Amino acid sequence: MKRIIIGCEKSGRVRDAFEEQGWDAWSCDVRPSSGKHIEDDLLLHLDDGWDAMIAHPPCTHLAVSGARYFSRKQVEQTEALEFVQTLLNAPIPKICLENPVSIISSRIRKPDQIVQPYMFGHPESKKTCLWLQNLPPLFATKLLSLPKCGHWNNQTPSHQNKLGPSRDRWKERSRTYEGIASAMASQWGKNSSPDQ
């Protein structure tokens, strides 16, 4: 059975989508979660014989949406970029690293693909970059048109995110859309056998 680790995932959406494709799929994060979950530092499990990894490193110190704070985050950014580079260098044949638009593009390399939820059946916008190693770009499964109102469901008319400030806002915004998780599993799950 093929094995995949989903790094820094608490929701289990990507893990569960790969399980449905017949993979031995595990999520790994320092925070607890339900299902097949390793509650530990992802870096301690990169050598555990995985066939593939999809990693969602925290974007707190990387996302350009927080650029106004960059001058105060030099140490944190350096550590976050080192974490990303370690994931990209992991001894795992197939790797996808997912993050919003971030300094990874300028400090490590540009993403191989940028996807949006509306490419996978969700009437919402959230530009998501994918850095791929030995995986093909995803193809859209259900491309939606912009609603007549001129903005997506998760946006205000001025295109700002509708989700108001809260303690769990980061958690809500970081959750992978089910359509994207399903596309990853159905498209890469079939094309990621260890023999290829």
# chains A, B, ... in the order shown; residues from 1 in each chain; ligands from 1

$ residues_around --residues "A:Pro58" --least-positions-apart "5" --cutoff "8 Å" --atoms "only C-alpha atoms" --output "list of chain:residue names"
A:Cys8, A:Ala80, A:Asn99

$ write_last_selection --atoms "C-alpha atoms" --output "PDB file, in the first residue's frame"
ATOM      1  CA  CYS A   8       0.868  20.512   9.286  1.00  0.00           C
ATOM      2  CA  ALA A  80      10.147  29.479   8.570  1.00  0.00           C
ATOM      3  CA  ASN A  99       1.189  28.079   0.903  1.00  0.00           C
TER       4      ASN A  99
END

$ select_by_dssp --residues "stretch 3-193 of chain A" --states "strand (DSSP E or B)" --output "PyMOL selection string"
chain A and resi 3-7+24-29+37-39+52-55+63+94-100+102+113-115+120+128-133+142+155+161

$ write_last_selection --atoms "N, CA and C atoms" --output "compact mmCIF listing (two decimals), in the first residue's frame"
# COMPACT_ATOMS: atom_id res chain seq x y z
N ARG A 3 2.05 5.02 0.84
CA ARG A 3 1.99 5.77 2.09
C ARG A 3 2.20 7.25 1.82
N ILE A 4 1.37 8.09 2.45
CA ILE A 4 1.51 9.54 2.31
C ILE A 4 1.38 10.20 3.67
N ILE A 5 2.19 11.23 3.88
CA ILE A 5 2.09 12.04 5.09
C ILE A 5 1.62 13.44 4.68
N ILE A 6 0.64 13.93 5.40
CA ILE A 6 0.11 15.27 5.16
C ILE A 6 0.60 16.13 6.32
N GLY A 7 1.58 16.96 6.05
CA GLY A 7 2.24 17.73 7.10
C GLY A 7 1.51 19.01 7.45
N ASP A 24 -2.37 4.58 2.52
CA ASP A 24 -2.13 4.60 3.96
C ASP A 24 -1.75 6.05 4.26
N ALA A 25 -2.74 6.86 4.60
CA ALA A 25 -2.56 8.31 4.73
C ALA A 25 -2.58 8.74 6.18
N TRP A 26 -1.61 9.57 6.55
CA TRP A 26 -1.47 10.08 7.91
C TRP A 26 -1.29 11.59 7.87
N SER A 27 -1.94 12.28 8.79
CA SER A 27 -1.64 13.70 8.99
C SER A 27 -0.63 13.79 10.12
N CYS A 28 0.12 14.90 10.14
CA CYS A 28 1.13 15.09 11.17
C CYS A 28 1.18 16.57 11.53
N ASP A 29 1.01 16.86 12.79
CA ASP A 29 1.05 18.24 13.26
C ASP A 29 1.32 18.21 14.77
N HIS A 37 -3.54 10.28 12.82
CA HIS A 37 -2.80 11.53 13.04
C HIS A 37 -1.59 11.28 13.93
N ILE A 38 -0.47 11.83 13.52
CA ILE A 38 0.76 11.78 14.32
C ILE A 38 0.90 13.15 14.98
N GLU A 39 0.73 13.20 16.29
CA GLU A 39 0.85 14.47 17.01
C GLU A 39 2.32 14.65 17.39
N ALA A 52 4.88 9.75 -0.65
CA ALA A 52 4.51 11.12 -1.01
C ALA A 52 4.27 11.94 0.25
N MET A 53 4.37 13.26 0.09
CA MET A 53 4.08 14.20 1.17
C MET A 53 3.41 15.43 0.59
N ILE A 54 2.36 15.87 1.26
CA ILE A 54 1.77 17.18 0.99
C ILE A 54 1.93 17.96 2.28
N ALA A 55 2.63 19.07 2.21
CA ALA A 55 2.94 19.85 3.42
C ALA A 55 2.31 21.23 3.34
N ALA A 63 3.58 34.73 4.54
CA ALA A 63 2.58 35.28 3.62
C ALA A 63 2.76 36.78 3.40
N LYS A 94 7.65 12.05 -3.97
CA LYS A 94 6.66 12.99 -4.50
C LYS A 94 6.33 14.00 -3.40
N ILE A 95 6.46 15.30 -3.73
CA ILE A 95 6.23 16.33 -2.73
C ILE A 95 5.39 17.46 -3.31
N CYS A 96 4.42 17.91 -2.53
CA CYS A 96 3.70 19.15 -2.80
C CYS A 96 3.79 19.99 -1.54
N LEU A 97 4.25 21.22 -1.68
CA LEU A 97 4.26 22.17 -0.58
C LEU A 97 3.25 23.25 -0.94
N GLU A 98 2.33 23.53 -0.02
CA GLU A 98 1.23 24.46 -0.27
C GLU A 98 1.35 25.66 0.65
N ASN A 99 1.14 26.85 0.11
CA ASN A 99 1.19 28.08 0.90
C ASN A 99 0.49 29.18 0.12
N PRO A 100 0.00 30.20 0.82
CA PRO A 100 -0.53 31.35 0.08
C PRO A 100 0.63 32.10 -0.60
N SER A 102 3.60 34.11 -0.94
CA SER A 102 4.52 34.32 0.17
C SER A 102 5.93 34.61 -0.32
N GLN A 113 2.58 26.08 -9.57
CA GLN A 113 1.18 26.28 -9.93
C GLN A 113 0.51 27.15 -8.87
N ILE A 114 -0.48 27.91 -9.31
CA ILE A 114 -1.34 28.66 -8.39
C ILE A 114 -2.77 28.20 -8.67
N VAL A 115 -3.46 27.77 -7.62
CA VAL A 115 -4.83 27.30 -7.77
C VAL A 115 -5.78 28.20 -6.97
N PHE A 120 -12.30 24.36 -8.48
CA PHE A 120 -12.67 23.04 -7.99
C PHE A 120 -14.06 23.03 -7.37
N THR A 128 -3.74 30.10 -3.91
CA THR A 128 -2.91 29.12 -3.21
C THR A 128 -1.80 28.64 -4.13
N CYS A 129 -0.56 28.76 -3.66
CA CYS A 129 0.60 28.37 -4.46
C CYS A 129 1.00 26.93 -4.12
N LEU A 130 1.42 26.20 -5.15
CA LEU A 130 1.88 24.83 -4.99
C LEU A 130 3.28 24.70 -5.54
N TRP A 131 4.20 24.20 -4.71
CA TRP A 131 5.56 23.87 -5.15
C TRP A 131 5.57 22.36 -5.30
N LEU A 132 5.81 21.87 -6.51
CA LEU A 132 5.65 20.46 -6.82
C LEU A 132 6.99 19.80 -7.17
N GLN A 133 7.16 18.59 -6.70
CA GLN A 133 8.32 17.77 -7.05
C GLN A 133 7.82 16.39 -7.46
N LYS A 142 -13.99 21.63 -11.70
CA LYS A 142 -15.29 22.27 -11.86
C LYS A 142 -15.07 23.78 -11.78
N GLN A 155 -15.85 37.07 -0.15
CA GLN A 155 -15.32 38.43 -0.27
C GLN A 155 -16.40 39.48 -0.06
N ASN A 161 -11.45 39.82 2.45
CA ASN A 161 -12.02 38.59 2.99
C ASN A 161 -13.11 38.94 4.00

$ select_by_dssp --residues "stretch 3-163 of chain A" --states "alpha helix (DSSP H)" --output "list in words"
Arg13, Val14, Arg15, Asp16, Ala17, Phe18, Glu19, Glu20, Gln74, Val75, Glu76, Gln77, Thr78, Glu79, Ala80, Leu81, Glu82, Phe83, Val84, Gln85, Thr86, Leu87, Leu88, Ile104, Ser105, Ser106 and Arg107 of chain A

$ write_last_selection --atoms "N, CA and C atoms" --output "PDB file, in the first residue's frame"
ATOM      1  N   ARG A  13      -8.682  16.855   6.002  1.00  0.00           N
ATOM      2  CA  ARG A  13      -9.357  16.795   4.702  1.00  0.00           C
ATOM      3  C   ARG A  13      -8.508  16.145   3.608  1.00  0.00           C
ATOM      4  N   VAL A  14      -7.248  16.519   3.516  1.00  0.00           N
ATOM      5  CA  VAL A  14      -6.388  15.944   2.484  1.00  0.00           C
ATOM      6  C   VAL A  14      -6.089  14.486   2.831  1.00  0.00           C
ATOM      7  N   ARG A  15      -5.793  14.229   4.087  1.00  0.00           N
ATOM      8  CA  ARG A  15      -5.536  12.851   4.541  1.00  0.00           C
ATOM      9  C   ARG A  15      -6.711  11.941   4.204  1.00  0.00           C
ATOM     10  N   ASP A  16      -7.915  12.388   4.551  1.00  0.00           N
ATOM     11  CA  ASP A  16      -9.106  11.568   4.324  1.00  0.00           C
ATOM     12  C   ASP A  16      -9.354  11.344   2.833  1.00  0.00           C
ATOM     13  N   ALA A  17      -9.083  12.356   2.007  1.00  0.00           N
ATOM     14  CA  ALA A  17      -9.268  12.210   0.563  1.00  0.00           C
ATOM     15  C   ALA A  17      -8.325  11.147   0.000  1.00  0.00           C
ATOM     16  N   PHE A  18      -7.091  11.101   0.497  1.00  0.00           N
ATOM     17  CA  PHE A  18      -6.148  10.077   0.041  1.00  0.00           C
ATOM     18  C   PHE A  18      -6.518   8.694   0.579  1.00  0.00           C
ATOM     19  N   GLU A  19      -7.048   8.643   1.788  1.00  0.00           N
ATOM     20  CA  GLU A  19      -7.515   7.360   2.322  1.00  0.00           C
ATOM     21  C   GLU A  19      -8.603   6.777   1.430  1.00  0.00           C
ATOM     22  N   GLU A  20      -9.486   7.637   0.941  1.00  0.00           N
ATOM     23  CA  GLU A  20     -10.554   7.185   0.049  1.00  0.00           C
ATOM     24  C   GLU A  20      -9.996   6.622  -1.259  1.00  0.00           C
ATOM     25  N   GLN A  74      12.375  39.138  11.143  1.00  0.00           N
ATOM     26  CA  GLN A  74      13.517  38.581  10.427  1.00  0.00           C
ATOM     27  C   GLN A  74      13.920  37.194  10.927  1.00  0.00           C
ATOM     28  N   VAL A  75      13.997  37.011  12.226  1.00  0.00           N
ATOM     29  CA  VAL A  75      14.385  35.717  12.798  1.00  0.00           C
ATOM     30  C   VAL A  75      13.322  34.667  12.483  1.00  0.00           C
ATOM     31  N   GLU A  76      12.049  35.025  12.707  1.00  0.00           N
ATOM     32  CA  GLU A  76      10.956  34.080  12.455  1.00  0.00           C
ATOM     33  C   GLU A  76      10.879  33.698  10.979  1.00  0.00           C
ATOM     34  N   GLN A  77      11.113  34.679  10.093  1.00  0.00           N
ATOM     35  CA  GLN A  77      11.089  34.382   8.656  1.00  0.00           C
ATOM     36  C   GLN A  77      12.215  33.435   8.271  1.00  0.00           C
ATOM     37  N   THR A  78      13.395  33.676   8.808  1.00  0.00           N
ATOM     38  CA  THR A  78      14.525  32.798   8.506  1.00  0.00           C
ATOM     39  C   THR A  78      14.222  31.365   8.942  1.00  0.00           C
ATOM     40  N   GLU A  79      13.673  31.207  10.143  1.00  0.00           N
ATOM     41  CA  GLU A  79      13.323  29.873  10.638  1.00  0.00           C
ATOM     42  C   GLU A  79      12.236  29.229   9.784  1.00  0.00           C
ATOM     43  N   ALA A  80      11.232  30.009   9.397  1.00  0.00           N
ATOM     44  CA  ALA A  80      10.147  29.479   8.570  1.00  0.00           C
ATOM     45  C   ALA A  80      10.656  29.043   7.198  1.00  0.00           C
ATOM     46  N   LEU A  81      11.557  29.826   6.612  1.00  0.00           N
ATOM     47  CA  LEU A  81      12.128  29.468   5.308  1.00  0.00           C
ATOM     48  C   LEU A  81      13.021  28.227   5.414  1.00  0.00           C
ATOM     49  N   GLU A  82      13.739  28.088   6.503  1.00  0.00           N
ATOM     50  CA  GLU A  82      14.551  26.888   6.720  1.00  0.00           C
ATOM     51  C   GLU A  82      13.665  25.650   6.829  1.00  0.00           C
ATOM     52  N   PHE A  83      12.524  25.795   7.493  1.00  0.00           N
ATOM     53  CA  PHE A  83      11.552  24.702   7.616  1.00  0.00           C
ATOM     54  C   PHE A  83      11.042  24.300   6.233  1.00  0.00           C
ATOM     55  N   VAL A  84      10.671  25.288   5.431  1.00  0.00           N
ATOM     56  CA  VAL A  84      10.187  25.030   4.070  1.00  0.00           C
ATOM     57  C   VAL A  84      11.257  24.313   3.247  1.00  0.00           C
ATOM     58  N   GLN A  85      12.487  24.799   3.306  1.00  0.00           N
ATOM     59  CA  GLN A  85      13.567  24.189   2.525  1.00  0.00           C
ATOM     60  C   GLN A  85      13.829  22.752   2.965  1.00  0.00           C
ATOM     61  N   THR A  86      13.750  22.501   4.256  1.00  0.00           N
ATOM     62  CA  THR A  86      13.920  21.138   4.760  1.00  0.00           C
ATOM     63  C   THR A  86      12.821  20.225   4.211  1.00  0.00           C
ATOM     64  N   LEU A  87      11.594  20.719   4.171  1.00  0.00           N
ATOM     65  CA  LEU A  87      10.499  19.921   3.610  1.00  0.00           C
ATOM     66  C   LEU A  87      10.722  19.637   2.134  1.00  0.00           C
ATOM     67  N   LEU A  88      11.142  20.652   1.384  1.00  0.00           N
ATOM     68  CA  LEU A  88      11.377  20.462  -0.051  1.00  0.00           C
ATOM     69  C   LEU A  88      12.549  19.513  -0.316  1.00  0.00           C
ATOM     70  N   ILE A 104       8.302  32.690  -0.053  1.00  0.00           N
ATOM     71  CA  ILE A 104       8.921  31.473  -0.586  1.00  0.00           C
ATOM     72  C   ILE A 104       9.261  31.700  -2.060  1.00  0.00           C
ATOM     73  N   SER A 105       8.378  32.407  -2.767  1.00  0.00           N
ATOM     74  CA  SER A 105       8.565  32.664  -4.203  1.00  0.00           C
ATOM     75  C   SER A 105       9.836  33.442  -4.502  1.00  0.00           C
ATOM     76  N   SER A 106      10.177  34.393  -3.657  1.00  0.00           N
ATOM     77  CA  SER A 106      11.357  35.224  -3.910  1.00  0.00           C
ATOM     78  C   SER A 106      12.609  34.714  -3.206  1.00  0.00           C
ATOM     79  N   ARG A 107      12.438  33.961  -2.121  1.00  0.00           N
ATOM     80  CA  ARG A 107      13.599  33.526  -1.346  1.00  0.00           C
ATOM     81  C   ARG A 107      14.035  32.091  -1.636  1.00  0.00           C
TER      82      ARG A 107
END

$ atom_distance --atom1 "atom CA of A:Leu62" --atom2 "atom CA of A:Val101"
8.4 Å

$ closest_residue --among "A:Pro123, A:Ser11, A:Gln21, A:Asp112" --to "A:Ala185" --atoms "only C-alpha atoms"
A:Gln21

$ closest_residue --among "A:Cys59, A:Lys127, A:Trp50, A:Pro117" --to "A:Ser145" --atoms "only C-alpha atoms"
A:Pro117

$ residues_around --residues "A:Leu143" --least-positions-apart "4" --cutoff "8 Å" --atoms "only C-alpha atoms" --output "mmCIF file with N, CA and C atoms, in the first residue's frame"
data_model
loop_
_atom_site.group_PDB
_atom_site.id
_atom_site.type_symbol
_atom_site.label_atom_id
_atom_site.label_comp_id
_atom_site.auth_asym_id
_atom_site.auth_seq_id
_atom_site.Cartn_x
_atom_site.Cartn_y
_atom_site.Cartn_z
ATOM 1 N N TYR A 118 -12.339 28.298 -6.771
ATOM 2 C CA TYR A 118 -13.352 28.305 -7.830
ATOM 3 C C TYR A 118 -12.976 27.433 -9.030
ATOM 4 N N MET A 119 -11.754 26.912 -9.057
ATOM 5 C CA MET A 119 -11.357 25.949 -10.089
ATOM 6 C C MET A 119 -11.845 24.536 -9.745
ATOM 7 N N PHE A 120 -12.303 24.363 -8.483
ATOM 8 C CA PHE A 120 -12.668 23.037 -7.988
ATOM 9 C C PHE A 120 -14.064 23.030 -7.366
ATOM 10 N N GLY A 121 -14.944 23.909 -7.864
ATOM 11 C CA GLY A 121 -16.336 23.880 -7.478
ATOM 12 C C GLY A 121 -16.758 24.710 -6.286
#

$ decode --residues "stretch 177-190 of chain A" --atoms "N, CA and C atoms" --output "mmCIF file, in the first residue's frame"
data_model
loop_
_atom_site.group_PDB
_atom_site.id
_atom_site.type_symbol
_atom_site.label_atom_id
_atom_site.label_comp_id
_atom_site.auth_asym_id
_atom_site.auth_seq_id
_atom_site.Cartn_x
_atom_site.Cartn_y
_atom_site.Cartn_z
ATOM 1 N N TYR A 177 -9.761 23.497 1.047
ATOM 2 C CA TYR A 177 -11.086 23.288 0.467
ATOM 3 C C TYR A 177 -11.234 21.831 0.044
ATOM 4 N N GLU A 178 -12.412 21.259 0.275
ATOM 5 C CA GLU A 178 -12.648 19.852 -0.036
ATOM 6 C C GLU A 178 -12.440 19.549 -1.515
ATOM 7 N N GLY A 179 -12.815 20.471 -2.395
ATOM 8 C CA GLY A 179 -12.631 20.253 -3.828
ATOM 9 C C GLY A 179 -11.164 20.150 -4.212
ATOM 10 N N ILE A 180 -10.316 20.942 -3.561
ATOM 11 C CA ILE A 180 -8.871 20.888 -3.833
ATOM 12 C C ILE A 180 -8.292 19.592 -3.260
ATOM 13 N N ALA A 181 -8.693 19.233 -2.041
ATOM 14 C CA ALA A 181 -8.224 17.981 -1.435
ATOM 15 C C ALA A 181 -8.615 16.785 -2.293
ATOM 16 N N SER A 182 -9.839 16.793 -2.778
ATOM 17 C CA SER A 182 -10.322 15.703 -3.623
ATOM 18 C C SER A 182 -9.547 15.626 -4.933
ATOM 19 N N ALA A 183 -9.250 16.786 -5.524
ATOM 20 C CA ALA A 183 -8.482 16.819 -6.776
ATOM 21 C C ALA A 183 -7.071 16.292 -6.549
ATOM 22 N N MET A 184 -6.442 16.684 -5.458
ATOM 23 C CA MET A 184 -5.102 16.170 -5.145
ATOM 24 C C MET A 184 -5.121 14.648 -5.060
ATOM 25 N N ALA A 185 -6.086 14.124 -4.322
ATOM 26 C CA ALA A 185 -6.144 12.675 -4.113
ATOM 27 C C ALA A 185 -6.490 11.923 -5.384
ATOM 28 N N SER A 186 -7.474 12.410 -6.128
ATOM 29 C CA SER A 186 -7.889 11.674 -7.320
ATOM 30 C C SER A 186 -6.865 11.788 -8.442
ATOM 31 N N GLN A 187 -6.222 12.954 -8.578
ATOM 32 C CA GLN A 187 -5.259 13.132 -9.667
ATOM 33 C C GLN A 187 -3.877 12.600 -9.304
ATOM 34 N N TRP A 188 -3.395 12.903 -8.110
ATOM 35 C CA TRP A 188 -2.066 12.441 -7.714
ATOM 36 C C TRP A 188 -2.104 11.037 -7.125
ATOM 37 N N GLY A 189 -3.225 10.668 -6.541
ATOM 38 C CA GLY A 189 -3.347 9.341 -5.940
ATOM 39 C C GLY A 189 -3.203 8.232 -6.957
ATOM 40 N N LYS A 190 -3.631 8.489 -8.173
ATOM 41 C CA LYS A 190 -3.513 7.496 -9.235
ATOM 42 C C LYS A 190 -2.153 7.539 -9.887
#
